[in-house]
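Undergrad: Pasting a structure here, questions to come.
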Amino acid sequence: SYEDNDTSSAASALTDGSYSGLTTCPSDADWYSVALLAGDILQVDATFVDDDGDVDIFLYDTAGNLVDSSNGYTDNETLGPYTAPTAGDYLIEAELFSSGDGGPTLGNSYALDIDVTLAPCISDSYEANNSLSASAPISTGFTSNLTACSGDEDWYSIELWVGDTLDLDANFVHSEGDIDIYLFDPSESQVAQSISTTSLENITHTATETGTYF
């Protein structure tokens with residue numbers, strides 16, 4: 001069902017999971033792509049009966065360079081674990097070894113198991129600011145190189161006077177994780193939020209009291 005994926009440009013996209021019922025034929029390589037983020041760890045297992053045809057597998061980076069291969073002469077092949085140095089689409093090629101087609105029919109069936117271990121979330125320099133009481137003070141201007149990790153809230157504090165207008169933008173890549181932002185007044189009551197599904201969240205709020213906002 002993944003044909004025609006006979007060239008790198010026609011590679012079929014796969015994600016973490018198992019894929020069975022695949023077939024490779026003589027002079028007809030199968031190509032697949034897996035999207036990885038920098039630091040993600042990929043392992044690919046191909047299972048098959050070598051007596052029915054020797055299947056070899058190869059891994060290429062985002063620039064098309066061969067970075068790993070598995071081309072033995074027994075059942076099954078494994079790529080990795082391979083740590084992606086950059087984000088992008090990595091290519092897997094499965095092909096039947098030219099003189100290794102055995103069995104009663106041309107080609108051989110195989111299965112692929114794609115195992116992607118997500119890159120660890122690296123804390124930024126403002127940690128540990130995981131609660132309101134541990135908020136990291138910030139001032140007006142641009143603050144970069146922040147990281148939001150799953151299950152780990154980030155809290156910041158800023159001093160405002162009555163009548164000050166705070167314009168807060170959070171810029172990020174939504175496809176890599178949905179970030180929402182909230183604003184609390186000095187009484188620790190929520191006064192604003194931005195919870196869209198885009199790559200920009202914005203809060204504009206005029207302070208009604210002087211003090212520390214979170």
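Lettering and numbering for the structure tokens are positional, with chains as A, B, ... in the shown order, residues counted from 1 in each chain, and ligands counted from 1 in the shown order.
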Can you pull out every residue from stretch 68-183 of chain A that DSSP, working from the backbone, puts in strand (DSSP E or B), and format the result as a ChimeraX atom specification?
TA: /A:68-70,77-83,88-96,108-117,136-137,149,152,156-160,165-171,181-183
Undergrad: Measuring between only C-alpha atoms, which one of A:Ala192, A:Leu66, A:Ala111, A:Leu200 shows the shortest distance to A:Val173?
TA: A:Leu200
Undergrad: Can you build me a table of stretch 93-172 of chain A residues sitting at most 8 Å from stretch 15-38 of chain A, with the closest atom pair per residue and its distance in Å to one decimal, using only C-alpha atoms, sorted by chain and residue number, as CSV?
TA:
residue,atom,partner,partner_atom,distance
A:Glu93,CA,A:Trp31,CA,4.6
A:Ala94,CA,A:Asp30,CA,5.1
A:Glu95,CA,A:Ala29,CA,4.5
A:Leu96,CA,A:Pro26,CA,5.9
A:Phe97,CA,A:Pro26,CA,7.8
A:Ser98,CA,A:Pro26,CA,6.8
A:Asp101,CA,A:Pro26,CA,7.6
A:Leu106,CA,A:Cys25,CA,6.5
A:Gly107,CA,A:Cys25,CA,4.1
A:Asn108,CA,A:Thr23,CA,5.6
A:Ser109,CA,A:Thr23,CA,4.2
A:Tyr110,CA,A:Leu22,CA,5.2
A:Ala111,CA,A:Ser20,CA,4.3
A:Leu112,CA,A:Tyr19,CA,5.1
A:Asp113,CA,A:Ser18,CA,4.3
A:Ile114,CA,A:Asp16,CA,5.0
A:Asp115,CA,A:Asp16,CA,5.3
A:Val116,CA,A:Asp16,CA,5.6
A:Leu118,CA,A:Leu37,CA,7.8
A:Ala119,CA,A:Ala38,CA,7.0
Undergrad: Dump N, CA and C atoms for the selected residues as a PDB file, in the first residue's frame?
TA:
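Listing of out.pdb after writing:
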ATOM      1  N   GLU A  93      15.809   3.345   3.460  1.00  0.00           N
ATOM      2  CA  GLU A  93      15.720   2.578   2.212  1.00  0.00           C
ATOM      3  C   GLU A  93      15.772   1.089   2.546  1.00  0.00           C
ATOM      4  N   ALA A  94      14.822   0.330   2.023  1.00  0.00           N
ATOM      5  CA  ALA A  94      14.827  -1.125   2.145  1.00  0.00           C
ATOM      6  C   ALA A  94      14.942  -1.701   0.749  1.00  0.00           C
ATOM      7  N   GLU A  95      15.912  -2.576   0.560  1.00  0.00           N
ATOM      8  CA  GLU A  95      16.089  -3.148  -0.766  1.00  0.00           C
ATOM      9  C   GLU A  95      16.471  -4.618  -0.669  1.00  0.00           C
ATOM     10  N   LEU A  96      16.158  -5.331  -1.719  1.00  0.00           N
ATOM     11  CA  LEU A  96      16.487  -6.755  -1.818  1.00  0.00           C
ATOM     12  C   LEU A  96      17.894  -6.878  -2.387  1.00  0.00           C
ATOM     13  N   PHE A  97      18.772  -7.552  -1.641  1.00  0.00           N
ATOM     14  CA  PHE A  97      20.137  -7.759  -2.120  1.00  0.00           C
ATOM     15  C   PHE A  97      20.102  -8.479  -3.466  1.00  0.00           C
ATOM     16  N   SER A  98      20.935  -7.993  -4.402  1.00  0.00           N
ATOM     17  CA  SER A  98      20.826  -8.413  -5.802  1.00  0.00           C
ATOM     18  C   SER A  98      20.926  -9.925  -5.991  1.00  0.00           C
ATOM     19  N   ASP A 101      17.798 -13.208  -3.527  1.00  0.00           N
ATOM     20  CA  ASP A 101      16.366 -13.469  -3.641  1.00  0.00           C
ATOM     21  C   ASP A 101      16.117 -14.965  -3.689  1.00  0.00           C
ATOM     22  N   LEU A 106       9.363 -14.243  -6.475  1.00  0.00           N
ATOM     23  CA  LEU A 106      10.241 -13.080  -6.534  1.00  0.00           C
ATOM     24  C   LEU A 106       9.964 -12.154  -5.367  1.00  0.00           C
ATOM     25  N   GLY A 107      11.026 -11.564  -4.823  1.00  0.00           N
ATOM     26  CA  GLY A 107      10.869 -10.607  -3.734  1.00  0.00           C
ATOM     27  C   GLY A 107      10.704 -11.276  -2.385  1.00  0.00           C
ATOM     28  N   ASN A 108      10.479 -10.446  -1.391  1.00  0.00           N
ATOM     29  CA  ASN A 108      10.299 -10.948  -0.033  1.00  0.00           C
ATOM     30  C   ASN A 108       9.432  -9.966   0.752  1.00  0.00           C
ATOM     31  N   SER A 109       8.647 -10.500   1.652  1.00  0.00           N
ATOM     32  CA  SER A 109       7.848  -9.650   2.532  1.00  0.00           C
ATOM     33  C   SER A 109       8.641  -9.343   3.797  1.00  0.00           C
ATOM     34  N   TYR A 110       8.329  -8.208   4.413  1.00  0.00           N
ATOM     35  CA  TYR A 110       9.036  -7.802   5.629  1.00  0.00           C
ATOM     36  C   TYR A 110       8.145  -6.866   6.435  1.00  0.00           C
ATOM     37  N   ALA A 111       8.563  -6.616   7.652  1.00  0.00           N
ATOM     38  CA  ALA A 111       7.870  -5.661   8.523  1.00  0.00           C
ATOM     39  C   ALA A 111       8.894  -4.677   9.071  1.00  0.00           C
ATOM     40  N   LEU A 112       8.440  -3.460   9.326  1.00  0.00           N
ATOM     41  CA  LEU A 112       9.298  -2.436   9.926  1.00  0.00           C
ATOM     42  C   LEU A 112       8.734  -2.010  11.269  1.00  0.00           C
ATOM     43  N   ASP A 113       9.617  -1.871  12.223  1.00  0.00           N
ATOM     44  CA  ASP A 113       9.252  -1.294  13.512  1.00  0.00           C
ATOM     45  C   ASP A 113      10.050  -0.007  13.672  1.00  0.00           C
ATOM     46  N   ILE A 114       9.335   1.119  13.726  1.00  0.00           N
ATOM     47  CA  ILE A 114       9.959   2.426  13.858  1.00  0.00           C
ATOM     48  C   ILE A 114       9.837   2.873  15.313  1.00  0.00           C
ATOM     49  N   ASP A 115      10.967   3.049  15.970  1.00  0.00           N
ATOM     50  CA  ASP A 115      10.970   3.456  17.369  1.00  0.00           C
ATOM     51  C   ASP A 115      11.653   4.810  17.480  1.00  0.00           C
ATOM     52  N   VAL A 116      10.873   5.844  17.834  1.00  0.00           N
ATOM     53  CA  VAL A 116      11.409   7.195  17.991  1.00  0.00           C
ATOM     54  C   VAL A 116      11.330   7.579  19.466  1.00  0.00           C
ATOM     55  N   LEU A 118      11.813  10.567  21.889  1.00  0.00           N
ATOM     56  CA  LEU A 118      11.888  12.018  21.779  1.00  0.00           C
ATOM     57  C   LEU A 118      13.087  12.573  22.536  1.00  0.00           C
ATOM     58  N   ALA A 119      13.638  13.642  21.994  1.00  0.00           N
ATOM     59  CA  ALA A 119      14.779  14.292  22.627  1.00  0.00           C
ATOM     60  C   ALA A 119      14.406  14.758  24.033  1.00  0.00           C
TER      61      ALA A 119
END
Undergrad: Mind checking which residues fall within 9 Å of A:Tyr126, counting only C-alpha atoms, ignoring those fewer than 3 positions away in the same chain, and posting them as a PyMOL selection string?
TA: chain A and resi 123+129+135-137+146+154+156
Undergrad: Kindly indicate which residue among A:Leu168, A:Ile92, A:Val44, A:Ile122 lies nearest to A:Gln193, using only C-alpha atoms for the distances.
TA: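 Going through A:Leu168, A:Ile92, A:Val44, A:Ile122 one by one, the smallest distance to A:Gln193 is for A:Leu168.
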Undergrad: List the neighbours of A:Ile195 out to 9 Å using only C-alpha atoms; skip same-chain residues closer than 3 positions along the sequence, and give me the result as an MDAnalysis selection string.
TA: chainID A and resid 178:182 198 201:202
Undergrad: Based on the selection just made, write N, CA and C atoms of those residues as a compact mmCIF listing (two decimals), in the first residue's frame.
TA:
# COMPACT_ATOMS: atom_id res chain seq x y z
N ASP A 178 2.36 23.03 21.92
CA ASP A 178 1.43 24.15 22.08
C ASP A 178 1.65 24.82 23.43
N ILE A 179 2.08 26.07 23.41
CA ILE A 179 2.34 26.84 24.63
C ILE A 179 1.21 27.84 24.84
N ASP A 180 0.68 27.92 26.05
CA ASP A 180 -0.33 28.90 26.44
C ASP A 180 0.25 29.79 27.53
N ILE A 181 -0.24 31.03 27.61
CA ILE A 181 0.26 31.95 28.64
C ILE A 181 -0.91 32.55 29.43
N TYR A 182 -0.62 32.85 30.69
CA TYR A 182 -1.62 33.38 31.62
C TYR A 182 -1.00 34.52 32.41
N THR A 198 -1.98 28.61 17.63
CA THR A 198 -1.05 29.16 16.65
C THR A 198 0.35 29.22 17.27
N GLU A 201 1.29 33.61 21.02
CA GLU A 201 0.31 33.95 22.05
C GLU A 201 0.58 35.38 22.50
N ASN A 202 -0.50 36.15 22.73
CA ASN A 202 -0.35 37.56 23.09
C ASN A 202 -1.32 37.94 24.19
Undergrad: Using only C-alpha atoms, can you tell me which of A:Leu42, A:Ala84, A:Ala207, A:Leu79 comes closest to A:Asp56?
TA: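 For A:Asp56, the nearest of the candidates is A:Leu79.
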Undergrad: So which residues touch A:Glu77 within 9 Å, counting only C-alpha atoms, skipping near sequence neighbours fewer than 4 positions away, as a short mmCIF file (atom, residue, chain, number, x, y, z; two decimals) with C-alpha atoms, in the first residue's frame?
TA:
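In the end it all went to out_16.cif:
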data_model
loop_
_atom_site.label_atom_id
_atom_site.label_comp_id
_atom_site.auth_asym_id
_atom_site.auth_seq_id
_atom_site.Cartn_x
_atom_site.Cartn_y
_atom_site.Cartn_z
CA VAL A 44 14.50 0.81 12.89
CA ASP A 45 14.00 -2.96 12.97
CA ALA A 46 13.25 -4.89 9.79
CA THR A 47 11.99 -8.44 10.32
CA PHE A 48 11.89 -11.03 7.54
CA VAL A 55 16.56 -7.51 2.75
CA ASP A 56 19.02 -4.73 3.59
CA ILE A 57 18.15 -1.34 5.12
CA SER A 69 23.24 0.65 7.29
CA SER A 70 22.40 -2.94 8.14
CA ASN A 71 23.16 -5.51 5.46
CA GLY A 72 23.84 -8.88 7.03
#
Undergrad: Go ahead and compute the interatomic distance for atom CA of A:Phe58 and atom CA of A:Glu176, in Å to one decimal.
TA: 26.9 Å
Undergrad: Go through A:Ser189, A:Thr140, A:Ser131, A:Thr147 and flag the residue nearest A:Leu166, using only C-alpha atoms for the distances.
TA: A:Thr140
Undergrad: Could you check which of A:Gly53, A:Gly141, A:Gly177, A:Gly163 is closest to A:His205, using only C-alpha atoms?
TA: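 Of all the options, A:Gly163 lies closest to A:His205.
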Undergrad: Take atom CA of A:Leu91 and atom CA of A:Ser199 and report the distance between them in Å, one decimal.
TA: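 Separation of atom CA of A:Leu91 and atom CA of A:Ser199: 27.5 Å.
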